[in-house]
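Peer 1: Hey, dropping my_file_21.pdb in here, PDB, C-alpha atoms and all ligand atoms:
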MODEL        1
ATOM      1  CA  VAL U   1      10.814  -6.594  20.439
ATOM      2  CA  ALA U   2       9.825  -8.536  23.539
ATOM      3  CA  ARG U   3      10.444 -12.286  23.470
ATOM      4  CA  ASP U   4       6.691 -12.778  23.780
ATOM      5  CA  ALA U   5       6.006 -10.744  20.650
ATOM      6  CA  LEU U   6       8.609 -12.665  18.652
ATOM      7  CA  ALA U   7       7.199 -16.000  19.751
ATOM      8  CA  GLN U   8       3.751 -14.918  18.619
ATOM      9  CA  ALA U   9       4.860 -13.238  15.393
ATOM     10  CA  HIS U  10       3.941 -16.302  13.353
ATOM     11  CA  LEU U  11       0.332 -16.363  14.517
ATOM     12  CA  PRO U  12      -2.085 -14.552  12.199
ATOM     13  CA  GLY U  13      -2.618 -10.891  13.088
ATOM     14  CA  MET U  14      -5.665 -10.623  15.342
ATOM     15  CA  THR U  15      -7.267  -8.225  17.802
ATOM     16  CA  ALA U  16      -7.959  -9.129  21.457
ATOM     17  CA  ASP U  17     -11.573  -9.894  20.520
ATOM     18  CA  GLY U  18     -10.569 -12.259  17.723
ATOM     19  CA  VAL U  19     -11.000 -10.157  14.577
ATOM     20  CA  ALA U  20      -8.377 -10.925  11.925
ATOM     21  CA  VAL U  21      -6.184  -7.991  10.876
ATOM     22  CA  ALA U  22      -3.547  -9.390   8.548
ATOM     23  CA  VAL U  23      -0.045  -8.005   8.875
ATOM     24  CA  GLN U  24       1.964  -8.165   5.680
ATOM     25  CA  ALA U  25       5.358  -6.815   4.665
ATOM     26  CA  ASN U  26       6.387  -4.041   2.282
ATOM     27  CA  LEU U  27       9.180  -5.317   0.052
ATOM     28  CA  ALA U  28      11.643  -3.734  -2.345
ATOM     29  CA  GLY U  29      13.673  -6.690  -3.499
ATOM     30  CA  VAL U  30      14.107 -10.428  -3.630
ATOM     31  CA  GLY U  31      16.435 -10.518  -0.640
ATOM     32  CA  GLU U  32      13.815  -9.087   1.703
ATOM     33  CA  ALA U  33      11.144 -11.680   0.926
ATOM     34  CA  ALA U  34      12.664 -14.538   2.918
ATOM     35  CA  ALA U  35      13.342 -12.217   5.854
ATOM     36  CA  ALA U  36       9.724 -11.097   5.788
ATOM     37  CA  VAL U  37       8.457 -14.671   5.942
ATOM     38  CA  GLU U  38      10.821 -15.332   8.841
ATOM     39  CA  ALA U  39       9.490 -12.247  10.607
ATOM     40  CA  GLY U  40       5.940 -13.600  10.408
ATOM     41  CA  ALA U  41       4.615 -11.503   7.525
ATOM     42  CA  GLU U  42       1.335 -12.821   6.073
ATOM     43  CA  GLY U  43       2.479 -12.134   2.538
ATOM     44  CA  CYS U  44       3.536  -8.911   0.866
ATOM     45  CA  GLY U  45       1.053  -6.046   0.703
ATOM     46  CA  LEU U  46       3.318  -3.781  -1.329
ATOM     47  CA  LEU U  47       6.170  -4.751  -3.611
ATOM     48  CA  ARG U  48       7.800  -1.498  -4.716
ATOM     49  CA  THR U  49       9.001  -2.483  -8.195
ATOM     50  CA  GLU U  50      11.154   0.630  -8.528
ATOM     51  CA  PHE U  51      14.037  -1.547  -7.281
ATOM     52  CA  LEU U  52      13.956  -3.409 -10.610
ATOM     53  CA  PHE U  53      14.619  -0.130 -12.402
ATOM     54  CA  MET U  54      16.924   1.673  -9.978
ATOM     55  CA  SER U  55      19.552  -1.051  -9.839
ATOM     56  CA  ARG U  56      20.484  -0.715 -13.517
ATOM     57  CA  GLY U  57      21.232   1.845 -16.226
ATOM     58  CA  THR U  58      18.376   0.956 -18.581
ATOM     59  CA  ALA U  59      14.860  -0.386 -18.140
ATOM     60  CA  PRO U  60      14.837  -4.113 -17.298
ATOM     61  CA  SER U  61      13.676  -6.552 -19.961
ATOM     62  CA  VAL U  62      10.485  -8.588 -19.591
ATOM     63  CA  GLU U  63      12.606 -11.630 -18.756
ATOM     64  CA  GLN U  64      14.667  -9.819 -16.132
ATOM     65  CA  GLN U  65      11.492  -8.594 -14.466
ATOM     66  CA  ARG U  66       9.811 -11.997 -14.670
ATOM     67  CA  HIS U  67      12.842 -13.672 -13.126
ATOM     68  CA  GLU U  68      12.940 -11.366 -10.082
ATOM     69  CA  LEU U  69       9.172 -11.479  -9.587
ATOM     70  CA  GLN U  70       9.190 -15.275  -9.781
ATOM     71  CA  ALA U  71      11.902 -15.421  -7.095
ATOM     72  CA  ILE U  72       9.756 -13.310  -4.804
ATOM     73  CA  VAL U  73       6.638 -15.414  -5.434
ATOM     74  CA  ASP U  74       8.678 -18.541  -4.685
ATOM     75  CA  ALA U  75      10.095 -17.055  -1.463
ATOM     76  CA  LEU U  76       6.580 -16.183  -0.276
ATOM     77  CA  GLY U  77       5.233 -19.684  -0.948
ATOM     78  CA  ASP U  78       1.451 -19.640  -0.757
ATOM     79  CA  ARG U  79       1.329 -16.196   0.855
ATOM     80  CA  PRO U  80      -0.280 -13.439  -1.220
ATOM     81  CA  LEU U  81       1.773 -10.865  -3.124
ATOM     82  CA  VAL U  82       0.726  -7.399  -4.221
ATOM     83  CA  VAL U  83       2.966  -6.016  -6.955
ATOM     84  CA  ARG U  84       2.798  -2.291  -7.487
ATOM     85  CA  THR U  85       3.560  -1.174 -11.020
ATOM     86  CA  LEU U  86       6.398   1.264 -11.497
ATOM     87  CA  ASP U  87       5.927   4.422  -9.421
ATOM     88  CA  ALA U  88       8.633   6.567 -10.996
ATOM     89  CA  GLY U  89       8.934  10.320 -10.659
ATOM     90  CA  ALA U  90       8.976  12.940  -7.889
ATOM     91  CA  ASP U  91      10.499  11.291  -4.798
ATOM     92  CA  LYS U  92      11.398   8.193  -6.887
ATOM     93  CA  PRO U  93      13.359   9.568  -9.859
ATOM     94  CA  ILE U  94      14.832   7.178 -12.421
ATOM     95  CA  ASP U  95      17.408   9.101 -14.443
ATOM     96  CA  TYR U  96      17.364   7.135 -17.669
ATOM     97  CA  LEU U  97      13.603   7.585 -18.119
ATOM     98  CA  ASP U  98      14.518  11.182 -19.080
ATOM     99  CA  GLN U  99      11.405  12.767 -17.685
ATOM    100  CA  ALA U 100      10.881  16.385 -18.694
ATOM    101  CA  ALA U 101      11.831  18.867 -15.967
ATOM    102  CA  GLU U 102       8.746  20.007 -14.054
ATOM    103  CA  ASP U 103       8.317  22.764 -11.490
ATOM    104  CA  ASN U 104       6.283  20.441  -9.253
ATOM    105  CA  PRO U 105       7.257  16.823  -9.927
ATOM    106  CA  ALA U 106       5.011  15.534  -7.145
ATOM    107  CA  LEU U 107       2.105  16.999  -9.122
ATOM    108  CA  GLY U 108       3.558  15.950 -12.441
ATOM    109  CA  GLU U 109       3.832  12.967 -14.726
ATOM    110  CA  ARG U 110       4.432  10.279 -12.125
ATOM    111  CA  GLY U 111       3.061   6.884 -11.139
ATOM    112  CA  ILE U 112       0.329   5.557 -13.413
ATOM    113  CA  ARG U 113       0.417   8.782 -15.432
ATOM    114  CA  LEU U 114       3.948   8.091 -16.617
ATOM    115  CA  GLN U 115       3.128   4.479 -17.457
ATOM    116  CA  LEU U 116       0.097   5.417 -19.513
ATOM    117  CA  ALA U 117       2.208   8.020 -21.326
ATOM    118  CA  ARG U 118       4.798   5.302 -22.068
ATOM    119  CA  PRO U 119       2.805   2.168 -22.785
ATOM    120  CA  ALA U 120       5.921   0.136 -23.625
ATOM    121  CA  LEU U 121       7.024   0.425 -19.980
ATOM    122  CA  LEU U 122       3.622  -0.669 -18.719
ATOM    123  CA  ASP U 123       3.293  -3.510 -21.227
ATOM    124  CA  ALA U 124       6.693  -4.944 -20.303
ATOM    125  CA  GLN U 125       5.712  -4.979 -16.645
ATOM    126  CA  LEU U 126       2.305  -6.504 -17.299
ATOM    127  CA  GLU U 127       3.799  -9.144 -19.573
ATOM    128  CA  ALA U 128       6.348 -10.104 -16.901
ATOM    129  CA  LEU U 129       3.500 -10.391 -14.378
ATOM    130  CA  LEU U 130       1.424 -12.523 -16.728
ATOM    131  CA  ARG U 131       4.387 -14.854 -17.207
ATOM    132  CA  VAL U 132       5.019 -15.454 -13.495
ATOM    133  CA  GLU U 133       3.839 -18.797 -12.184
ATOM    134  CA  SER U 134       1.987 -18.286  -8.954
ATOM    135  CA  PRO U 135      -0.139 -20.554  -6.734
ATOM    136  CA  GLN U 136      -2.787 -17.823  -6.699
ATOM    137  CA  PRO U 137      -3.584 -14.910  -9.013
ATOM    138  CA  LEU U 138      -1.048 -12.105  -8.590
ATOM    139  CA  ARG U 139      -2.397  -8.837  -7.363
ATOM    140  CA  VAL U 140      -1.310  -5.860  -9.399
ATOM    141  CA  MET U 141      -1.616  -2.416  -7.882
ATOM    142  CA  LEU U 142      -1.549   0.918  -9.683
ATOM    143  CA  PRO U 143       0.072   3.958  -8.035
ATOM    144  CA  MET U 144      -1.212   7.566  -8.028
ATOM    145  CA  VAL U 145      -4.608   6.758  -9.500
ATOM    146  CA  THR U 146      -7.089   9.627  -9.675
ATOM    147  CA  GLY U 147      -9.922   8.039 -11.653
ATOM    148  CA  ALA U 148     -11.544   4.947 -13.151
ATOM    149  CA  ASP U 149     -10.347   5.843 -16.660
ATOM    150  CA  GLU U 150      -6.795   4.977 -15.610
ATOM    151  CA  VAL U 151      -7.912   1.600 -14.267
ATOM    152  CA  ALA U 152      -9.876   0.892 -17.443
ATOM    153  CA  ALA U 153      -6.867   1.761 -19.617
ATOM    154  CA  VAL U 154      -4.675  -0.732 -17.750
ATOM    155  CA  ARG U 155      -7.366  -3.410 -17.814
ATOM    156  CA  GLU U 156      -7.603  -3.020 -21.582
ATOM    157  CA  ARG U 157      -3.870  -3.517 -21.940
ATOM    158  CA  VAL U 158      -3.982  -6.650 -19.779
ATOM    159  CA  VAL U 159      -6.738  -8.108 -21.942
ATOM    160  CA  ALA U 160      -4.877  -7.235 -25.161
ATOM    161  CA  LEU U 161      -1.600  -8.708 -23.887
ATOM    162  CA  ARG U 162      -3.176 -11.940 -22.724
ATOM    163  CA  GLU U 163      -4.731 -12.357 -26.110
ATOM    164  CA  ARG U 164      -1.666 -11.372 -28.123
ATOM    165  CA  LEU U 165       0.697 -13.549 -26.090
ATOM    166  CA  GLY U 166      -1.709 -16.427 -25.597
ATOM    167  CA  LEU U 167      -1.309 -16.312 -21.817
ATOM    168  CA  ALA U 168      -3.998 -17.609 -19.491
ATOM    169  CA  ALA U 169      -2.828 -16.101 -16.184
ATOM    170  CA  GLU U 170      -5.378 -14.150 -14.173
ATOM    171  CA  LEU U 171      -4.385 -10.876 -12.525
ATOM    172  CA  ARG U 172      -6.313  -9.107  -9.793
ATOM    173  CA  LEU U 173      -6.237  -5.368 -10.344
ATOM    174  CA  GLY U 174      -6.246  -2.905  -7.459
ATOM    175  CA  ILE U 175      -5.183   0.641  -6.757
ATOM    176  CA  MET U 176      -3.256   2.682  -4.272
ATOM    177  CA  VAL U 177      -5.605   5.180  -2.687
ATOM    178  CA  GLU U 178      -3.082   7.950  -2.213
ATOM    179  CA  THR U 179      -4.649  10.972  -3.903
ATOM    180  CA  PRO U 180      -7.568  12.898  -2.417
ATOM    181  CA  ALA U 181      -9.372  12.331  -5.742
ATOM    182  CA  ALA U 182      -9.263   8.566  -5.242
ATOM    183  CA  ALA U 183     -10.339   8.742  -1.602
ATOM    184  CA  VAL U 184     -13.235  11.121  -2.246
ATOM    185  CA  THR U 185     -14.539   9.032  -5.178
ATOM    186  CA  ALA U 186     -13.729   5.662  -3.578
ATOM    187  CA  GLN U 187     -17.399   4.581  -3.755
ATOM    188  CA  ARG U 188     -17.258   4.773  -7.559
ATOM    189  CA  LEU U 189     -13.706   3.457  -7.926
ATOM    190  CA  ALA U 190     -14.579   0.397  -5.848
ATOM    191  CA  ARG U 191     -16.758  -0.843  -8.704
ATOM    192  CA  HIS U 192     -13.733  -1.001 -10.994
ATOM    193  CA  VAL U 193     -11.102  -2.696  -8.841
ATOM    194  CA  ASP U 194     -10.495  -5.810  -6.782
ATOM    195  CA  PHE U 195      -8.876  -4.057  -3.823
ATOM    196  CA  PHE U 196      -7.741  -0.770  -2.328
ATOM    197  CA  SER U 197      -4.505  -0.087  -0.511
ATOM    198  CA  ILE U 198      -4.209   3.276   1.185
ATOM    199  CA  GLY U 199      -0.842   4.985   0.758
ATOM    200  CA  THR U 200      -0.826   7.280   3.747
ATOM    201  CA  ASN U 201       2.551   8.802   2.809
ATOM    202  CA  ASP U 202       1.268  10.383  -0.383
ATOM    203  CA  LEU U 203      -2.313  10.746   0.862
ATOM    204  CA  ALA U 204      -0.984  12.909   3.705
ATOM    205  CA  GLN U 205       1.285  14.834   1.327
ATOM    206  CA  TYR U 206      -1.557  15.649  -1.067
ATOM    207  CA  THR U 207      -4.276  16.206   1.528
ATOM    208  CA  LEU U 208      -2.154  18.518   3.659
ATOM    209  CA  CYS U 209      -0.332  20.095   0.689
ATOM    210  CA  MET U 210       3.004  19.386   2.368
ATOM    211  CA  ASP U 211       5.893  18.068   0.293
ATOM    212  CA  ARG U 212       7.044  14.743   1.753
ATOM    213  CA  LEU U 213      10.615  15.692   0.850
ATOM    214  CA  SER U 214      10.568  18.967   2.808
ATOM    215  CA  PRO U 215      12.627  18.632   6.005
ATOM    216  CA  GLY U 216      11.018  21.804   7.351
ATOM    217  CA  LEU U 217       7.530  20.257   7.136
ATOM    218  CA  ALA U 218       8.415  16.743   8.285
ATOM    219  CA  LYS U 219       7.016  17.277  11.798
ATOM    220  CA  GLN U 220       3.684  18.598  10.549
ATOM    221  CA  LEU U 221       3.243  16.060   7.760
ATOM    222  CA  ASP U 222       1.325  13.582   9.901
ATOM    223  CA  ALA U 223      -1.054  10.927   8.563
ATOM    224  CA  LEU U 224      -2.993  11.192  11.830
ATOM    225  CA  HIS U 225      -4.231  14.629  10.790
ATOM    226  CA  PRO U 226      -8.056  14.439  10.990
ATOM    227  CA  ALA U 227      -8.336  15.441   7.317
ATOM    228  CA  VAL U 228      -6.251  12.435   6.292
ATOM    229  CA  LEU U 229      -8.213  10.200   8.650
ATOM    230  CA  ALA U 230     -11.442  11.394   7.016
ATOM    231  CA  MET U 231     -10.039  10.211   3.665
ATOM    232  CA  VAL U 232      -9.130   6.852   5.191
ATOM    233  CA  ALA U 233     -12.638   6.571   6.656
ATOM    234  CA  MET U 234     -14.258   7.245   3.263
ATOM    235  CA  THR U 235     -12.063   4.663   1.587
ATOM    236  CA  ALA U 236     -12.679   2.004   4.231
ATOM    237  CA  GLN U 237     -16.429   2.602   4.051
ATOM    238  CA  ALA U 238     -16.422   2.353   0.257
ATOM    239  CA  GLY U 239     -14.465  -0.884   0.437
ATOM    240  CA  ARG U 240     -16.874  -2.341   2.970
ATOM    241  CA  ASP U 241     -19.904  -1.341   0.908
ATOM    242  CA  ALA U 242     -18.435  -2.903  -2.245
ATOM    243  CA  GLY U 243     -17.081  -5.973  -0.476
ATOM    244  CA  ILE U 244     -13.485  -5.361  -1.507
ATOM    245  CA  GLU U 245     -10.403  -5.481   0.682
ATOM    246  CA  VAL U 246      -8.938  -2.284   2.108
ATOM    247  CA  SER U 247      -5.421  -2.258   3.447
ATOM    248  CA  VAL U 248      -2.981   0.425   4.506
ATOM    249  CA  CYS U 249       0.589   0.213   3.224
ATOM    250  CA  GLY U 250       1.925   3.675   4.069
ATOM    251  CA  ALA U 251       4.124   4.344   7.083
ATOM    252  CA  ALA U 252       1.062   4.877   9.298
ATOM    253  CA  ALA U 253       0.440   1.117   9.190
ATOM    254  CA  ALA U 254       3.566   0.619  11.295
ATOM    255  CA  ASP U 255       2.966   3.575  13.628
ATOM    256  CA  LEU U 256       1.719   2.123  16.913
ATOM    257  CA  GLN U 257      -0.333   5.252  17.629
ATOM    258  CA  ALA U 258      -1.999   5.008  14.234
ATOM    259  CA  VAL U 259      -2.732   1.256  14.252
ATOM    260  CA  PRO U 260      -5.761   1.309  16.608
ATOM    261  CA  VAL U 261      -7.186   4.326  14.775
ATOM    262  CA  LEU U 262      -6.872   2.652  11.375
ATOM    263  CA  VAL U 263      -8.467  -0.521  12.705
ATOM    264  CA  GLY U 264     -11.244   1.551  14.256
ATOM    265  CA  LEU U 265     -11.868   3.141  10.846
ATOM    266  CA  GLY U 266     -12.395  -0.339   9.381
ATOM    267  CA  VAL U 267      -8.989  -1.288   8.003
ATOM    268  CA  ARG U 268      -8.395  -5.056   8.275
ATOM    269  CA  LYS U 269      -4.989  -5.407   6.633
ATOM    270  CA  LEU U 270      -1.722  -3.617   7.276
ATOM    271  CA  SER U 271       1.487  -3.814   5.277
ATOM    272  CA  VAL U 272       4.602  -2.702   7.128
ATOM    273  CA  PRO U 273       8.410  -2.913   6.990
ATOM    274  CA  GLN U 274       9.300  -6.501   7.918
ATOM    275  CA  ALA U 275      11.140  -5.364  11.051
ATOM    276  CA  ARG U 276       7.814  -4.013  12.380
ATOM    277  CA  VAL U 277       5.632  -7.093  11.805
ATOM    278  CA  ALA U 278       6.013  -8.582  15.291
ATOM    279  CA  ARG U 279       5.433  -5.278  17.028
ATOM    280  CA  VAL U 280       2.310  -4.451  15.025
ATOM    281  CA  LYS U 281       0.873  -7.926  15.669
ATOM    282  CA  ALA U 282       1.569  -7.498  19.387
ATOM    283  CA  ALA U 283      -0.217  -4.120  19.354
ATOM    284  CA  LEU U 284      -3.246  -5.672  17.643
ATOM    285  CA  ARG U 285      -3.488  -8.389  20.284
ATOM    286  CA  GLY U 286      -3.864  -5.664  22.922
ATOM    287  CA  VAL U 287      -6.897  -3.883  21.455
ATOM    288  CA  SER U 288     -10.553  -4.704  20.773
ATOM    289  CA  ILE U 289     -12.626  -3.545  17.816
ATOM    290  CA  PRO U 290     -15.249  -1.612  19.834
ATOM    291  CA  ASP U 291     -12.467   0.263  21.672
ATOM    292  CA  CYS U 292     -10.711   1.061  18.390
ATOM    293  CA  GLU U 293     -13.980   2.269  16.876
ATOM    294  CA  GLN U 294     -14.564   4.588  19.816
ATOM    295  CA  LEU U 295     -11.021   5.933  19.475
ATOM    296  CA  ALA U 296     -11.448   6.451  15.717
ATOM    297  CA  THR U 297     -14.665   8.415  16.236
ATOM    298  CA  ALA U 298     -12.891  10.674  18.717
ATOM    299  CA  ALA U 299      -9.896  11.041  16.386
ATOM    300  CA  LEU U 300     -12.080  12.117  13.446
ATOM    301  CA  ALA U 301     -13.540  14.885  15.611
ATOM    302  CA  CYS U 302     -10.139  16.282  16.653
ATOM    303  CA  GLU U 303      -8.806  19.567  15.321
ATOM    304  CA  SER U 304      -5.196  18.584  14.687
ATOM    305  CA  ALA U 305      -2.828  15.640  14.375
ATOM    306  CA  ALA U 306      -1.335  16.626  17.730
ATOM    307  CA  ALA U 307      -4.781  16.402  19.288
ATOM    308  CA  VAL U 308      -5.322  12.959  17.727
ATOM    309  CA  ARG U 309      -2.009  11.762  19.134
ATOM    310  CA  GLY U 310      -2.998  13.160  22.546
ATOM    311  CA  GLN U 311      -6.262  11.192  22.367
ATOM    312  CA  VAL U 312      -4.439   8.007  21.420
ATOM    313  CA  ARG U 313      -1.920   8.370  24.247
ATOM    314  CA  ALA U 314      -4.681   8.917  26.791
ATOM    315  CA  TRP U 315      -6.624   5.950  25.366
ATOM    316  CA  GLN U 316      -3.565   3.698  25.442
ATOM    317  CA  ALA U 317      -2.873   4.701  29.061
ATOM    318  CA  SER U 318      -6.467   3.933  30.076
ATOM    319  CA  THR U 319      -6.762   0.627  28.228
ATOM    320  CA  GLY U 320      -3.392  -0.501  29.598
TER     321      GLY U 320
HETATM  322  C1  LIG O 401       2.460   5.768   0.162
HETATM  323  O1  LIG O 401       2.446   6.736  -0.602
HETATM  324  O2  LIG O 401       1.975   5.769   1.299
HETATM  325  C2  LIG O 401       3.093   4.503  -0.266
HETATM  326  C3  LIG O 401       2.951   3.392   0.427
HETATM  327  O3  LIG O 401       3.835   4.535  -1.395
HETATM  328  P1  LIG O 401       5.276   5.207  -1.498
HETATM  329  O4  LIG O 401       5.735   5.569  -0.112
HETATM  330  O5  LIG O 401       6.133   4.194  -2.152
HETATM  331  O6  LIG O 401       4.999   6.408  -2.339
HETATM  332 MG    MG O 402       2.940   6.644  -2.691
ENDMDL
END
So, in terms of C-alpha cells, how does the structure I just supplied come out?
Ligand code: PEP
Ligand code: MG
Peer 2:
Amino acid sequence: VARDALAQAHLPGMTADGVAVAVQANLAGVGEAAAAVEAGAEGCGLLRTEFLFMSRGTAPSVEQQRHELQAIVDALGDRPLVVRTLDAGADKPIDYLDQAAEDNPALGERGIRLQLARPALLDAQLEALLRVESPQPLRVMLPMVTGADEVAAVRERVVALRERLGLAAELRLGIMVETPAAAVTAQRLARHVDFFSIGTNDLAQYTLCMDRLSPGLAKQLDALHPAVLAMVAMTAQAGRDAGIEVSVCGAAAADLQAVPVLVGLGVRKLSVPQARVARVKAALRGVSIPDCEQLATAALACESAAAVRGQVRAWQASTG
C-alpha cells in the first residue's frame, strides 16, 4: 500500500465527488478487531461467529460467547458491529454438530436453516448478544436466508428471550443476501429487516451453480458475472426504495475491479479483510458516482464476467 493510502486510511471512505462509502472490516476473532481499527476500518460489517465454535470441541456456552463478543465490541469502541449468527455447514463444517450426511451440503441444512432446526443453538447465540453491553444496538445478521418466514421466526425468538430473561437490549436484525431467492424477492424482504448485506461469495456460487469449493471452477466462479451483478442491482434498488442500508461483505467488496461497479449499482458500504481497507478507500477516492454508474450500466449489459472485467480495465485506463 502506498504511503499516501496509509496516511489517508483513517479518513472516512469517500468517492472523489464526496459521497460516503463506508469501508468496514470482516472479522473472525477478537484478535483481529484491534488490527482492523488500526487499519482504518469504520467498524465491522461481518463478524463470522463460526470462530467461536471451531476453536473448541463442544458448542460454546452463553457466557463464553458473551465474553468474546463483549471483547470485540470494546475493541471497536463506538464503531458499529454486525454479528452474523452461526453459518455452519457446507464449506464451514463443525464436526461436533453431527449434521446428517448430505449429497449436496451447500444445498442442505446450513446457515439459518440449521439454527432454526436446532433452536437451542440459536437461543444461546441470541441470549449472548442480548447480554452484551454496547454503545449502540448490535446488528445481528442471518446467513443463507431465502424468505421472510425465517426472519420472522428469529424475531419471535428474540422477543421471547428478552421477555423470559428480562433483558432490555435492542437488536437490529438484518440478513445476508446470498441466495438468488433473497435477491429476487429483496423488495419484499426489505420490509422485514433493518439492513441487507450481500454475500457475493455464496450469491455467485448459487447464481452460477458453481461450487465455491471446486478448484476446477475457481476461475469461472466470478462475482462480476452479469447475472450476479443483476442480483446485486435488484438488492441495492430494494434497499434504496425501503430506506435500508445495503452493504457488500463478500470477497468482491475487496476486489478493486469490482468496487466501482458495486458503487455504481448503489452500494454505499463495503466490508473487507482488514488488510484491504486502505487500498479500497484509496480506490474510492479515485472514482466519482456518475462514472461508476455509467460503468455499472455497461457491466450489466455484458455477456460474461470476462467482458465485465475488460470493460472495467478499459474504464480504469481512461479515467486514470
Ligand atoms: C459470502 O457468502 O459472500 C459471505 C460473505 O459469507 P461467507 O464467505 O462466510 O459464506
Ligand atoms: Mg456466505
Peer 1: Give the residue list for ligand LIG 401 (chain O) at 8 Å, counting all atoms listed in the file, as a PyMOL selection string, sorted by chain and then by residue number.
Peer 2: chain U and resi 46+48+87+91+143+176+178+198-203+248-251
Peer 1: Could you state the separation of atom CA of Asp123 of chain U and atom CA of Gly166 of chain U in Å, given to one decimal place?
Peer 2: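 Straight-line distance from atom CA of Asp123 of chain U to atom CA of Gly166 of chain U works out to 14.5 Å.
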Peer 1: For Val73 of chain U, find every residue with an atom within 10 Å (counting all atoms listed in the file), except residues of its own chain fewer than 3 positions away, and show them as a list in words.
Peer 2: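 Skipping anything fewer than 3 positions along the chain leaves Val30, Ala33, Gly43, Cys44, Glu68, Leu69, Gln70, Leu76, Gly77, Asp78, Arg79, Pro80, Leu81, Val132, Glu133, Ser134, Pro135, Gln136 and Leu138 of chain U.
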Peer 1: Between U:Gly40, U:Gly29, U:Gly111, U:Pro137, which has the minimum distance to Ala71 of chain U (counting all atoms listed in the file)?
Peer 2: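 The shortest atom-to-atom distance to Ala71 of chain U comes from U:Gly29.
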Peer 1: Starting from the shown file, work through the PyMOL selection byres (((chain U and resi 150) around 12) and not hetatm) and note down what comes out as a ChimeraX atom specification.
Peer 2: /U:111-117,141-149,151-157,173-175,182,189,192-193
Peer 1: Taking the file above as input, evaluate the PyMOL selection byres (((chain U and resi 13) around 12) and not hetatm) and report the hits as a VMD selection string.
Peer 2: chain U and resid 5 8 to 12 14 to 24 40 to 43 263 268 to 271 277 to 287
Peer 1: Counting only C-alpha atoms, which residues come within 8 Å of (-12.7, 8.9, 11.0), with the point read in the file's coordinates, and could you list them as a list in words?
Peer 2: Pro226, Leu229, Ala230, Met231, Val232, Ala233, Leu265, Ala296, Thr297, Ala298, Ala299, Leu300 and Ala301 of chain U
Peer 1: Please dump the current selection as a short mmCIF file (atom, residue, chain, number, x, y, z; two decimals), in the frame of the given file; keep C-alpha atoms.
Peer 2:
data_model
loop_
_atom_site.label_atom_id
_atom_site.label_comp_id
_atom_site.auth_asym_id
_atom_site.auth_seq_id
_atom_site.Cartn_x
_atom_site.Cartn_y
_atom_site.Cartn_z
CA PRO U 226 -8.06 14.44 10.99
CA LEU U 229 -8.21 10.20 8.65
CA ALA U 230 -11.44 11.39 7.02
CA MET U 231 -10.04 10.21 3.66
CA VAL U 232 -9.13 6.85 5.19
CA ALA U 233 -12.64 6.57 6.66
CA LEU U 265 -11.87 3.14 10.85
CA ALA U 296 -11.45 6.45 15.72
CA THR U 297 -14.66 8.41 16.24
CA ALA U 298 -12.89 10.67 18.72
CA ALA U 299 -9.90 11.04 16.39
CA LEU U 300 -12.08 12.12 13.45
CA ALA U 301 -13.54 14.88 15.61
#
Peer 1: What is the distance, in Å and to one decimal place, between atom CA of Ala106 of chain U and atom CA of Cys209 of chain U?
Peer 2: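 About the pair atom CA of Ala106 of chain U and atom CA of Cys209 of chain U: they are 10.5 Å apart.
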Peer 1: Using only C-alpha atoms and all ligand atoms, find the one residue out of U:Ser61, U:Gln257, U:Thr179, U:Ser318 that sits nearest to ligand MG 402 (chain O).
Peer 2: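 Using only C-alpha atoms and all ligand atoms, ligand MG 402 (chain O) sits closest to U:Thr179.
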Peer 1: Given only C-alpha atoms as the basis, pick out the residue of U:Leu97, U:Glu32, U:Glu127, U:Pro105 nearest to Glu63 of chain U.
Peer 2: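 The shortest atom-to-atom distance to Glu63 of chain U comes from U:Glu127.
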Peer 1: Starting from the displayed file, determine the output of the PyMOL selection byres (((chain U and resi 47) around 6) and not hetatm) and express the residue list as a ChimeraX atom specification.
Peer 2: /U:26-28,46,48-49,83-84
